[in-house]
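Trainee: Take a look at the following structure, please.
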Amino acid sequence: MGEETAVGMWYFAAVAMAAAVLAVVVDAVVRRAHAWWWTASLGAGRRARLPPGDMAEICMANGRFGRTGLYRAFMFSSPTILVTIPEACKQVLMDDEAFILGWPKSTVTLIGAKSFIAIPHEEHRRLRKLTAAPINGLDALTAYLGFIDHTVVSTLQALSTREEEVEFLTELRRMTFRIIVQIFMSGADDRTVEALERCYTDLNYGLRAMAINLPGFAYHRALKACKKMVELLQHVLDQRRAATAKGFPRPSVDMMDRLIKVEDEHGRRLEDDAIIDMLVMYLNAGHESSGHITMWATVFMQENPDILAKAKAEQEEIMRNIPPTQKGLSLKDFRKMEYLSQVIDETVRFMSINFVTFRQATRDVFVNGYLIPKGWKVQLWFRSVHTDPQIHPHPNKFNPSRWEGPPPRAGTFLAFGLGPRLCPGNDLAKLEISVFLHHFLLGYKLTRANPSCRLRYLPHVRPVDNCLAKITKISSHGY
Ligand code: HEM
């Protein structure tokens with residue numbers, strides 16, 4: 001190497017080093033400027049009560065600042081408190097006066113300004129009571145059990161007769177979508193249901209994507225899907241109103257009927273756009289998570305022969321006790337599925353499909369001794385709670401038996417949330433997932449095309465091949 005080349009290399013290395021140092025210094029200055037900008041107005045007293053953190057755009061909370069459970073950061077252009085421990089999550093989730101929802105604007109645009117994620121407190125309570133009652137509690141769900149059972153059986157039959165491999169997740173999302181559509185707008189024609197289902201695929205990719213409204217971006221496609229969905233739902237609503245005006249009797253009351261008829265204390269009814277936003281939200285929340293969890297529970301059982309054998313034995317026992325005259329499953333049978341229920345709880349813990357949720361403080365609040373200032377956003381990290389070894393020993397082990405015994409301490413299991421915003425579809429979700437697993441365990445096998453397929457984490461964790469697999473019927477077991 002010539003002397004000149006060596007000098008050149010040293011020079012290059014020195015410049016690179018200086019650039020790196022400068023980047024670190026600029027980064028530190030920007031962090032301090034951020035921190036100063038957002039905290040200066042709080043005054044020294046309130047500032048001193050803030051949780052640790054440095055208002056950087058991304059905060060490596062737990063590791064960097066010790067186990068305080070609350071950290072401050074700067075996310076989605078807002079000063080934010082991240083909450084990662086059960087007691088603090090519980091306090092925030094239970095208090096819907098001090099903490100309203102705080103979803104990013106881009107999410108509200110997609111899900112609807114008149115849906116639960118954006119309507120005022122009182123309106124939320126009123127509409128939640130109306131819509132949650134028909135799907136909450138096992139007695140209310142009796143009305144849907146026959147349809148769920150029938151849909152599951154026909155889905156599995158159809159999948160197992162397909163020569164080629166199928167995208168198991170896609171098929172499950174379709175199945176759970178058909179179930180939620182039946183509950184919310186029974187009798188919708190197949191073309192509308194399929195068109196809506198396609199829209200939801202685009203909507204979901206956009207929900208947790210960067211809000212860039214330019215062709216080629218997921219958010220742009222999601223906005224287009226939303227527009228189409230509103231048109232489709234408006235058409236169904238118009239048809240429903242026209243049929244009612246002509247006096248055609250409805251075979252049974254579904255959620256759309258309830259939303260059309262409901263009146264507030266002044267006798268006012270919901271406008272069409274409010275009904276549509278509610279439908280957009282419920283149809284979305286009502287099928288995506290259930291479809292994903294059904295897939296993961298099936299996959300985990302296939303991957304763990306002991307768990308599969310135990311779950312199958314429980315279902316065989318239930319089958320032995322079903323009288324020959326009974327058609328399909330009953331709620332009594334479902335109540336006996338104790339181990340299967342643990343498998344589902346473990347799947348929702350293990351996958352934390354809804355890994356984070358968003359709130360905003362309406363006033364200064366102290367949580368775990370730290371101040372959450374008025375107006376600041378709050379992110380509740382359910383995944384951190386579910387993977388904390390001090391709460392769930394060996395969190396990376398899929399172990400349904402950890403749910404044996406008394407119910408978990410409040411706040412340690414947040415898969416369905418908690419408090420006034422607790423998922424109103426939790427019983428429905430568990431019922432439909434159980435019915436699917438019941439039939440699957442008794443008669444089918446899943447053979448994945450790419451068992452160690454790479455995962456995609458947003459919007460929900462899933463294999464990139466959507467769980468491409470062959471479904472084989474291995475026994476007819478009474479069905
Ligand atoms: C395994 C399946 C499911 C999981 C893991 C799940 C999870 C959750 C969680 C964590 C929340 C609370 C969010 C928060 O506090 O900000 C929630 C809310 C909600 N879920 Fe579910 N969910 C599931 C199935 C369903 C189903 C089947 C429905 C439809 C009937 C549904 C409808 C909703 C609605 C409407 C909300 C908003 C409630 C409100 O703001 O008052 N979910 N869900």
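Ordering of the structure tokens sets the chain letters (A, B, ...), residue numbers begin anew at 1 in every chain, and ligands are numbered from 1 in the order given.
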Please report, as CSV, each residue of chain A lying at most 8 Å from ligand 1, together with the nearest pair of atoms and the separation in Å rounded to one decimal; use only C-alpha atoms and all ligand atoms, and order rows by chain and ascending residue number.

Mentor:
```
residue,atom,partner,partner_atom_place_in_ligand_line,distance
A:Leu93,CA,ligand 1,15 (O),6.7
A:Leu101,CA,ligand 1,16 (O),7.0
A:Phe116,CA,ligand 1,40 (O),5.0
A:Ile117,CA,ligand 1,40 (O),6.0
A:His124,CA,ligand 1,41 (O),6.9
A:Arg125,CA,ligand 1,41 (O),7.8
A:Arg128,CA,ligand 1,41 (O),6.1
A:Ala132,CA,ligand 1,30 (C),7.7
A:Ile135,CA,ligand 1,30 (C),6.6
A:Ile180,CA,ligand 1,30 (C),6.9
A:Met281,CA,ligand 1,35 (C),6.4
A:Tyr282,CA,ligand 1,35 (C),5.0
A:Leu283,CA,ligand 1,29 (C),6.9
A:Asn284,CA,ligand 1,32 (C),7.8
A:Ala285,CA,ligand 1,31 (C),4.5
A:Gly286,CA,ligand 1,29 (C),3.4
A:His287,CA,ligand 1,27 (C),5.8
A:Glu288,CA,ligand 1,2 (C),7.5
A:Ser289,CA,ligand 1,2 (C),4.3
A:Ser290,CA,ligand 1,2 (C),4.0
A:Gly291,CA,ligand 1,1 (C),7.6
A:His292,CA,ligand 1,1 (C),7.6
A:Ile293,CA,ligand 1,1 (C),5.6
A:Thr294,CA,ligand 1,1 (C),7.9
A:Val348,CA,ligand 1,5 (C),6.1
A:Ser352,CA,ligand 1,5 (C),7.3
A:Ile353,CA,ligand 1,5 (C),6.0
A:Asn354,CA,ligand 1,10 (C),5.4
A:Phe355,CA,ligand 1,10 (C),7.7
A:Val356,CA,ligand 1,10 (C),8.0
A:Thr357,CA,ligand 1,16 (O),4.9
A:Phe358,CA,ligand 1,16 (O),6.1
A:Arg359,CA,ligand 1,16 (O),7.5
A:Leu414,CA,ligand 1,10 (C),6.4
A:Ala415,CA,ligand 1,10 (C),5.0
A:Phe416,CA,ligand 1,10 (C),3.8
A:Gly417,CA,ligand 1,10 (C),4.0
A:Leu418,CA,ligand 1,15 (O),6.4
A:Gly419,CA,ligand 1,15 (O),7.9
A:Pro420,CA,ligand 1,41 (O),6.4
A:Arg421,CA,ligand 1,41 (O),3.9
A:Leu422,CA,ligand 1,12 (C),5.2
A:Cys423,CA,ligand 1,18 (C),3.7
A:Pro424,CA,ligand 1,33 (C),5.4
A:Gly425,CA,ligand 1,28 (C),3.6
A:Asn426,CA,ligand 1,24 (C),5.4
A:Asp427,CA,ligand 1,27 (C),7.7
A:Leu428,CA,ligand 1,27 (C),5.5
A:Ala429,CA,ligand 1,27 (C),4.4
A:Lys430,CA,ligand 1,1 (C),6.8
A:Ile433,CA,ligand 1,1 (C),8.0
```

Trainee: With N, CA and C atoms kept, could you save the residues just selected as a short mmCIF file (atom, residue, chain, number, x, y, z; two decimals), in the first residue's frame?

Mentor:
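Wrote it out as result.cif, contents follow:
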```cif
data_model
loop_
_atom_site.label_atom_id
_atom_site.label_comp_id
_atom_site.auth_asym_id
_atom_site.auth_seq_id
_atom_site.Cartn_x
_atom_site.Cartn_y
_atom_site.Cartn_z
N LEU A 93 -57.17 1.77 32.20
CA LEU A 93 -58.30 1.16 31.47
C LEU A 93 -59.62 1.31 32.21
N LEU A 101 -60.25 7.65 24.60
CA LEU A 101 -59.45 6.95 23.59
C LEU A 101 -58.53 7.95 22.90
N PHE A 116 -67.05 3.73 17.87
CA PHE A 116 -66.66 3.80 19.29
C PHE A 116 -65.34 4.52 19.52
N ILE A 117 -64.47 4.51 18.51
CA ILE A 117 -63.14 5.05 18.80
C ILE A 117 -63.11 6.58 18.79
N HIS A 124 -71.01 6.76 23.60
CA HIS A 124 -70.37 5.45 23.62
C HIS A 124 -71.11 4.51 24.57
N ARG A 125 -71.39 5.01 25.77
CA ARG A 125 -72.07 4.16 26.77
C ARG A 125 -73.41 3.67 26.25
N ARG A 128 -72.93 1.30 23.21
CA ARG A 128 -72.27 0.07 23.63
C ARG A 128 -73.28 -0.86 24.31
N ALA A 132 -73.75 -4.36 22.69
CA ALA A 132 -73.03 -5.43 23.37
C ALA A 132 -74.00 -6.50 23.91
N ILE A 135 -74.68 -9.77 22.03
CA ILE A 135 -73.56 -10.68 21.74
C ILE A 135 -72.79 -11.02 23.01
N ILE A 180 -69.82 -12.89 11.57
CA ILE A 180 -70.14 -11.55 12.11
C ILE A 180 -71.15 -10.83 11.21
N MET A 281 -66.83 -0.55 12.05
CA MET A 281 -66.02 -0.91 13.21
C MET A 281 -66.28 -2.34 13.68
N TYR A 282 -67.56 -2.68 13.86
CA TYR A 282 -67.89 -4.00 14.40
C TYR A 282 -67.51 -5.12 13.44
N LEU A 283 -67.77 -4.91 12.15
CA LEU A 283 -67.44 -5.99 11.21
C LEU A 283 -65.93 -6.21 11.18
N ASN A 284 -65.17 -5.14 11.36
CA ASN A 284 -63.71 -5.28 11.38
C ASN A 284 -63.25 -5.97 12.66
N ALA A 285 -63.64 -5.38 13.80
CA ALA A 285 -63.20 -5.96 15.09
C ALA A 285 -63.71 -7.38 15.24
N GLY A 286 -64.86 -7.66 14.61
CA GLY A 286 -65.52 -8.94 14.82
C GLY A 286 -64.99 -10.10 14.01
N HIS A 287 -64.01 -9.88 13.14
CA HIS A 287 -63.53 -11.07 12.42
C HIS A 287 -62.01 -11.20 12.36
N GLU A 288 -61.28 -10.08 12.37
CA GLU A 288 -59.83 -10.17 12.17
C GLU A 288 -59.13 -10.94 13.30
N SER A 289 -59.34 -10.48 14.54
CA SER A 289 -58.64 -11.12 15.65
C SER A 289 -59.07 -12.57 15.79
N SER A 290 -60.37 -12.84 15.66
CA SER A 290 -60.84 -14.22 15.83
C SER A 290 -60.23 -15.13 14.77
N GLY A 291 -60.16 -14.64 13.53
CA GLY A 291 -59.57 -15.44 12.45
C GLY A 291 -58.11 -15.76 12.74
N HIS A 292 -57.36 -14.75 13.17
CA HIS A 292 -55.93 -14.97 13.48
C HIS A 292 -55.74 -15.94 14.64
N ILE A 293 -56.54 -15.74 15.70
CA ILE A 293 -56.36 -16.59 16.89
C ILE A 293 -56.75 -18.04 16.56
N THR A 294 -57.80 -18.22 15.75
CA THR A 294 -58.17 -19.60 15.37
C THR A 294 -57.00 -20.27 14.64
N VAL A 348 -54.11 -16.26 22.95
CA VAL A 348 -54.24 -14.80 22.93
C VAL A 348 -53.14 -14.12 23.76
N SER A 352 -50.62 -11.98 21.64
CA SER A 352 -51.01 -10.57 21.88
C SER A 352 -51.37 -9.88 20.56
N ILE A 353 -52.39 -10.43 19.90
CA ILE A 353 -52.80 -9.91 18.59
C ILE A 353 -53.06 -8.40 18.65
N ASN A 354 -53.76 -7.97 19.69
CA ASN A 354 -53.95 -6.53 19.90
C ASN A 354 -52.90 -6.11 20.92
N PHE A 355 -51.69 -5.83 20.43
CA PHE A 355 -50.56 -5.72 21.35
C PHE A 355 -50.49 -4.39 22.09
N VAL A 356 -51.18 -3.38 21.56
CA VAL A 356 -51.11 -2.06 22.22
C VAL A 356 -52.45 -1.35 22.01
N THR A 357 -52.82 -0.49 22.96
CA THR A 357 -54.00 0.34 22.71
C THR A 357 -53.71 1.77 23.16
N PHE A 358 -54.58 2.69 22.75
CA PHE A 358 -54.26 4.12 22.86
C PHE A 358 -55.30 4.87 23.70
N ARG A 359 -54.81 5.72 24.59
CA ARG A 359 -55.68 6.59 25.38
C ARG A 359 -55.09 7.99 25.40
N LEU A 414 -54.63 -9.15 29.50
CA LEU A 414 -55.32 -8.02 28.89
C LEU A 414 -55.69 -8.27 27.43
N ALA A 415 -55.74 -9.55 27.04
CA ALA A 415 -55.96 -9.87 25.63
C ALA A 415 -57.27 -9.26 25.12
N PHE A 416 -58.26 -9.13 25.99
CA PHE A 416 -59.53 -8.53 25.58
C PHE A 416 -59.73 -7.16 26.22
N GLY A 417 -58.68 -6.58 26.74
CA GLY A 417 -58.79 -5.29 27.40
C GLY A 417 -59.38 -5.44 28.79
N LEU A 418 -59.93 -4.33 29.32
CA LEU A 418 -60.45 -4.32 30.70
C LEU A 418 -61.32 -3.08 30.88
N GLY A 419 -62.29 -3.17 31.80
CA GLY A 419 -63.07 -1.97 32.15
C GLY A 419 -64.13 -1.64 31.12
N PRO A 420 -64.51 -0.35 31.05
CA PRO A 420 -65.64 0.05 30.21
C PRO A 420 -65.43 -0.22 28.72
N ARG A 421 -64.18 -0.44 28.33
CA ARG A 421 -63.90 -0.72 26.90
C ARG A 421 -63.56 -2.18 26.67
N LEU A 422 -63.79 -3.01 27.68
CA LEU A 422 -63.53 -4.45 27.53
C LEU A 422 -64.19 -4.93 26.25
N CYS A 423 -63.50 -5.80 25.52
CA CYS A 423 -64.02 -6.26 24.24
C CYS A 423 -65.45 -6.83 24.39
N PRO A 424 -66.43 -6.23 23.72
CA PRO A 424 -67.79 -6.76 23.85
C PRO A 424 -67.98 -8.08 23.10
N GLY A 425 -66.97 -8.44 22.28
CA GLY A 425 -67.10 -9.67 21.48
C GLY A 425 -66.31 -10.83 22.06
N ASN A 426 -65.84 -10.69 23.33
CA ASN A 426 -64.94 -11.74 23.86
C ASN A 426 -65.63 -13.10 23.97
N ASP A 427 -66.89 -13.12 24.41
CA ASP A 427 -67.59 -14.41 24.52
C ASP A 427 -67.86 -14.99 23.13
N LEU A 428 -68.27 -14.13 22.23
CA LEU A 428 -68.53 -14.58 20.86
C LEU A 428 -67.24 -15.16 20.25
N ALA A 429 -66.13 -14.43 20.44
CA ALA A 429 -64.86 -14.89 19.88
C ALA A 429 -64.50 -16.27 20.42
N LYS A 430 -64.62 -16.41 21.75
CA LYS A 430 -64.24 -17.70 22.34
C LYS A 430 -65.16 -18.81 21.87
N ILE A 433 -64.23 -19.68 18.13
CA ILE A 433 -62.92 -20.34 18.05
C ILE A 433 -63.05 -21.77 18.61
#
```

Trainee: Counting only C-alpha atoms, figure out which residue out of A:Met256, A:Ile276, A:Leu196, A:Met175 gets nearest to Phe147 of chain A.

Mentor: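 With only C-alpha atoms as the atom set, the closest residue is A:Met175.
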
Trainee: Select from segment 392-477 of chain A everything DSSP, run on the backbone, classes as helix (DSSP H, G or I), then give the selection as a list in words.

Mentor: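 The helix (DSSP H, G or I) residues within segment 392-477 of chain A come out as Pro400, Ser401, Arg402, Trp403, Gly419, Pro420, Arg421, Asn426, Asp427, Leu428, Ala429, Lys430, Leu431, Glu432, Ile433, Ser434, Val435, Phe436, Leu437, His438, His439, Phe440, Leu441, Leu442 and Gly443 of chain A.
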
Trainee: Print the selection's residues with N, CA and C atoms to a file, as an mmCIF file, in the first residue's frame.

Mentor:
```cif
data_model
loop_
_atom_site.group_PDB
_atom_site.id
_atom_site.type_symbol
_atom_site.label_atom_id
_atom_site.label_comp_id
_atom_site.auth_asym_id
_atom_site.auth_seq_id
_atom_site.Cartn_x
_atom_site.Cartn_y
_atom_site.Cartn_z
ATOM 1 N N PRO A 400 -50.718 -23.930 27.857
ATOM 2 C CA PRO A 400 -52.118 -23.672 28.245
ATOM 3 C C PRO A 400 -52.391 -23.947 29.713
ATOM 4 N N SER A 401 -51.646 -24.895 30.313
ATOM 5 C CA SER A 401 -51.942 -25.276 31.708
ATOM 6 C C SER A 401 -51.655 -24.147 32.687
ATOM 7 N N ARG A 402 -50.959 -23.098 32.260
ATOM 8 C CA ARG A 402 -50.715 -21.984 33.187
ATOM 9 C C ARG A 402 -52.036 -21.316 33.586
ATOM 10 N N TRP A 403 -53.111 -21.576 32.829
ATOM 11 C CA TRP A 403 -54.399 -20.935 33.122
ATOM 12 C C TRP A 403 -55.302 -21.793 34.000
ATOM 13 N N GLY A 419 -62.286 -3.166 31.804
ATOM 14 C CA GLY A 419 -63.068 -1.973 32.145
ATOM 15 C C GLY A 419 -64.135 -1.638 31.118
ATOM 16 N N PRO A 420 -64.507 -0.351 31.052
ATOM 17 C CA PRO A 420 -65.644 0.052 30.208
ATOM 18 C C PRO A 420 -65.432 -0.223 28.719
ATOM 19 N N ARG A 421 -64.180 -0.439 28.326
ATOM 20 C CA ARG A 421 -63.904 -0.723 26.901
ATOM 21 C C ARG A 421 -63.563 -2.184 26.673
ATOM 22 N N ASN A 426 -65.838 -10.689 23.330
ATOM 23 C CA ASN A 426 -64.942 -11.740 23.860
ATOM 24 C C ASN A 426 -65.629 -13.104 23.969
ATOM 25 N N ASP A 427 -66.890 -13.115 24.411
ATOM 26 C CA ASP A 427 -67.591 -14.405 24.520
ATOM 27 C C ASP A 427 -67.857 -14.990 23.132
ATOM 28 N N LEU A 428 -68.272 -14.127 22.229
ATOM 29 C CA LEU A 428 -68.531 -14.584 20.862
ATOM 30 C C LEU A 428 -67.243 -15.159 20.251
ATOM 31 N N ALA A 429 -66.131 -14.435 20.441
ATOM 32 C CA ALA A 429 -64.858 -14.889 19.876
ATOM 33 C C ALA A 429 -64.496 -16.267 20.424
ATOM 34 N N LYS A 430 -64.622 -16.407 21.751
ATOM 35 C CA LYS A 430 -64.243 -17.698 22.341
ATOM 36 C C LYS A 430 -65.162 -18.814 21.866
ATOM 37 N N LEU A 431 -66.437 -18.468 21.693
ATOM 38 C CA LEU A 431 -67.376 -19.487 21.237
ATOM 39 C C LEU A 431 -67.022 -19.946 19.815
ATOM 40 N N GLU A 432 -66.818 -19.010 18.922
ATOM 41 C CA GLU A 432 -66.582 -19.429 17.527
ATOM 42 C C GLU A 432 -65.240 -20.147 17.377
ATOM 43 N N ILE A 433 -64.230 -19.682 18.130
ATOM 44 C CA ILE A 433 -62.919 -20.344 18.050
ATOM 45 C C ILE A 433 -63.045 -21.774 18.606
ATOM 46 N N SER A 434 -63.778 -21.910 19.718
ATOM 47 C CA SER A 434 -63.944 -23.242 20.329
ATOM 48 C C SER A 434 -64.679 -24.193 19.389
ATOM 49 N N VAL A 435 -65.744 -23.692 18.758
ATOM 50 C CA VAL A 435 -66.510 -24.563 17.866
ATOM 51 C C VAL A 435 -65.606 -25.038 16.722
ATOM 52 N N PHE A 436 -64.806 -24.124 16.196
ATOM 53 C CA PHE A 436 -63.899 -24.528 15.116
ATOM 54 C C PHE A 436 -62.921 -25.592 15.616
ATOM 55 N N LEU A 437 -62.283 -25.327 16.759
ATOM 56 C CA LEU A 437 -61.256 -26.263 17.244
ATOM 57 C C LEU A 437 -61.870 -27.609 17.609
ATOM 58 N N HIS A 438 -63.083 -27.583 18.121
ATOM 59 C CA HIS A 438 -63.797 -28.825 18.440
ATOM 60 C C HIS A 438 -63.865 -29.718 17.187
ATOM 61 N N HIS A 439 -64.375 -29.156 16.096
ATOM 62 C CA HIS A 439 -64.519 -29.952 14.870
ATOM 63 C C HIS A 439 -63.157 -30.312 14.280
ATOM 64 N N PHE A 440 -62.228 -29.374 14.355
ATOM 65 C CA PHE A 440 -60.905 -29.644 13.794
ATOM 66 C C PHE A 440 -60.246 -30.809 14.540
ATOM 67 N N LEU A 441 -60.261 -30.729 15.873
ATOM 68 C CA LEU A 441 -59.580 -31.765 16.674
ATOM 69 C C LEU A 441 -60.178 -33.140 16.417
ATOM 70 N N LEU A 442 -61.482 -33.194 16.223
ATOM 71 C CA LEU A 442 -62.131 -34.492 16.074
ATOM 72 C C LEU A 442 -61.953 -35.092 14.689
ATOM 73 N N GLY A 443 -61.710 -34.282 13.698
ATOM 74 C CA GLY A 443 -61.732 -34.905 12.377
ATOM 75 C C GLY A 443 -60.709 -34.445 11.349
#
```

Trainee: For segment 453-467 of chain A, list every protein, DNA or RNA residue within 8 Å, evaluated using only C-alpha atoms, and leave out those in the same chain fewer than 5 positions away; present the list as a ChimeraX atom specification.

Mentor: /A:167-170,204-209,292,351,353-354,448

Trainee: So the first atom is atom CA of Leu223 of chain A and the second is atom CA of Pro104 of chain A; what is the distance between them in Å, to one decimal place?

Mentor: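 Separating atom CA of Leu223 of chain A from atom CA of Pro104 of chain A is a distance of 14.9 Å.
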
Trainee: Identify which of the residues A:Glu317, A:Phe350, A:Ala143, A:Ser154 lies closest to Ser252 of chain A, counting only C-alpha atoms when measuring atom-to-atom distances.

Mentor: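 For Ser252 of chain A, the nearest of the given residues is A:Ala143.
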
Trainee: Looking only at strand (DSSP E or B) from DSSP on the backbone, list the matching residues of segment 210-432 of chain A as a VMD selection string.

Mentor: chain A and resid 263 269 356 to 361 365 to 367 370 to 372 377 to 381

Trainee: Using Å and a single decimal, report how far atom CA of Asp202 of chain A sits from atom CA of Ala222 of chain A.

Mentor: 5.1 Å

Trainee: Please provide the set of residues having any atom within 12 Å of Gly146 of chain A, restricted to only C-alpha atoms, with same-chain residues fewer than 2 positions apart removed, written as a list of chain:residue names.

Mentor: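 Returned residues: A:Leu141, A:Thr142, A:Ala143, A:Tyr144, A:Ile148, A:Asp149, A:His150, A:Thr151, A:Val152, A:Val153, A:Ile179, A:Gln182, A:Gln326, A:Lys327, A:Gly328, A:Leu329, A:Ser330, A:Leu331, A:Leu431, A:Glu432, A:Val435.
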
Trainee: Any chance you could export the current selection's C-alpha atoms as an mmCIF file, in the first residue's frame?

Mentor:
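Heads up, here's the output in result-v5.cif:
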```cif
data_model
loop_
_atom_site.group_PDB
_atom_site.id
_atom_site.type_symbol
_atom_site.label_atom_id
_atom_site.label_comp_id
_atom_site.auth_asym_id
_atom_site.auth_seq_id
_atom_site.Cartn_x
_atom_site.Cartn_y
_atom_site.Cartn_z
ATOM 1 C CA LEU A 141 -75.086 -16.326 22.133
ATOM 2 C CA THR A 142 -77.401 -19.356 22.000
ATOM 3 C CA ALA A 143 -79.149 -17.600 19.114
ATOM 4 C CA TYR A 144 -76.007 -17.865 16.970
ATOM 5 C CA ILE A 148 -71.668 -20.876 13.851
ATOM 6 C CA ASP A 149 -71.657 -24.675 14.059
ATOM 7 C CA HIS A 150 -73.055 -25.018 10.554
ATOM 8 C CA THR A 151 -70.590 -22.462 9.114
ATOM 9 C CA VAL A 152 -67.611 -24.196 10.746
ATOM 10 C CA VAL A 153 -68.643 -27.679 9.571
ATOM 11 C CA ILE A 179 -70.364 -15.216 11.091
ATOM 12 C CA GLN A 182 -74.849 -12.860 9.867
ATOM 13 C CA GLN A 326 -78.929 -33.831 19.645
ATOM 14 C CA LYS A 327 -78.129 -31.956 16.443
ATOM 15 C CA GLY A 328 -74.810 -30.107 16.591
ATOM 16 C CA LEU A 329 -73.160 -28.621 19.662
ATOM 17 C CA SER A 330 -75.011 -27.088 22.605
ATOM 18 C CA LEU A 331 -73.907 -24.374 25.032
ATOM 19 C CA LEU A 431 -67.376 -19.487 21.237
ATOM 20 C CA GLU A 432 -66.582 -19.429 17.527
ATOM 21 C CA VAL A 435 -66.510 -24.563 17.866
#
```

Trainee: Calculate how many Å separate atom CA of Met75 of chain A from atom CA of Cys226 of chain A, rounding to one decimal.

Mentor: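 For atom CA of Met75 of chain A relative to atom CA of Cys226 of chain A, the distance reads 25.5 Å.
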
Trainee: With distances taken over only C-alpha atoms, which of A:Leu446, A:Asp264, A:Arg221, A:Met278 is nearest to Val299 of chain A?

Mentor: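 Of A:Leu446, A:Asp264, A:Arg221, A:Met278, the one nearest Val299 of chain A is A:Leu446, counting only C-alpha atoms.
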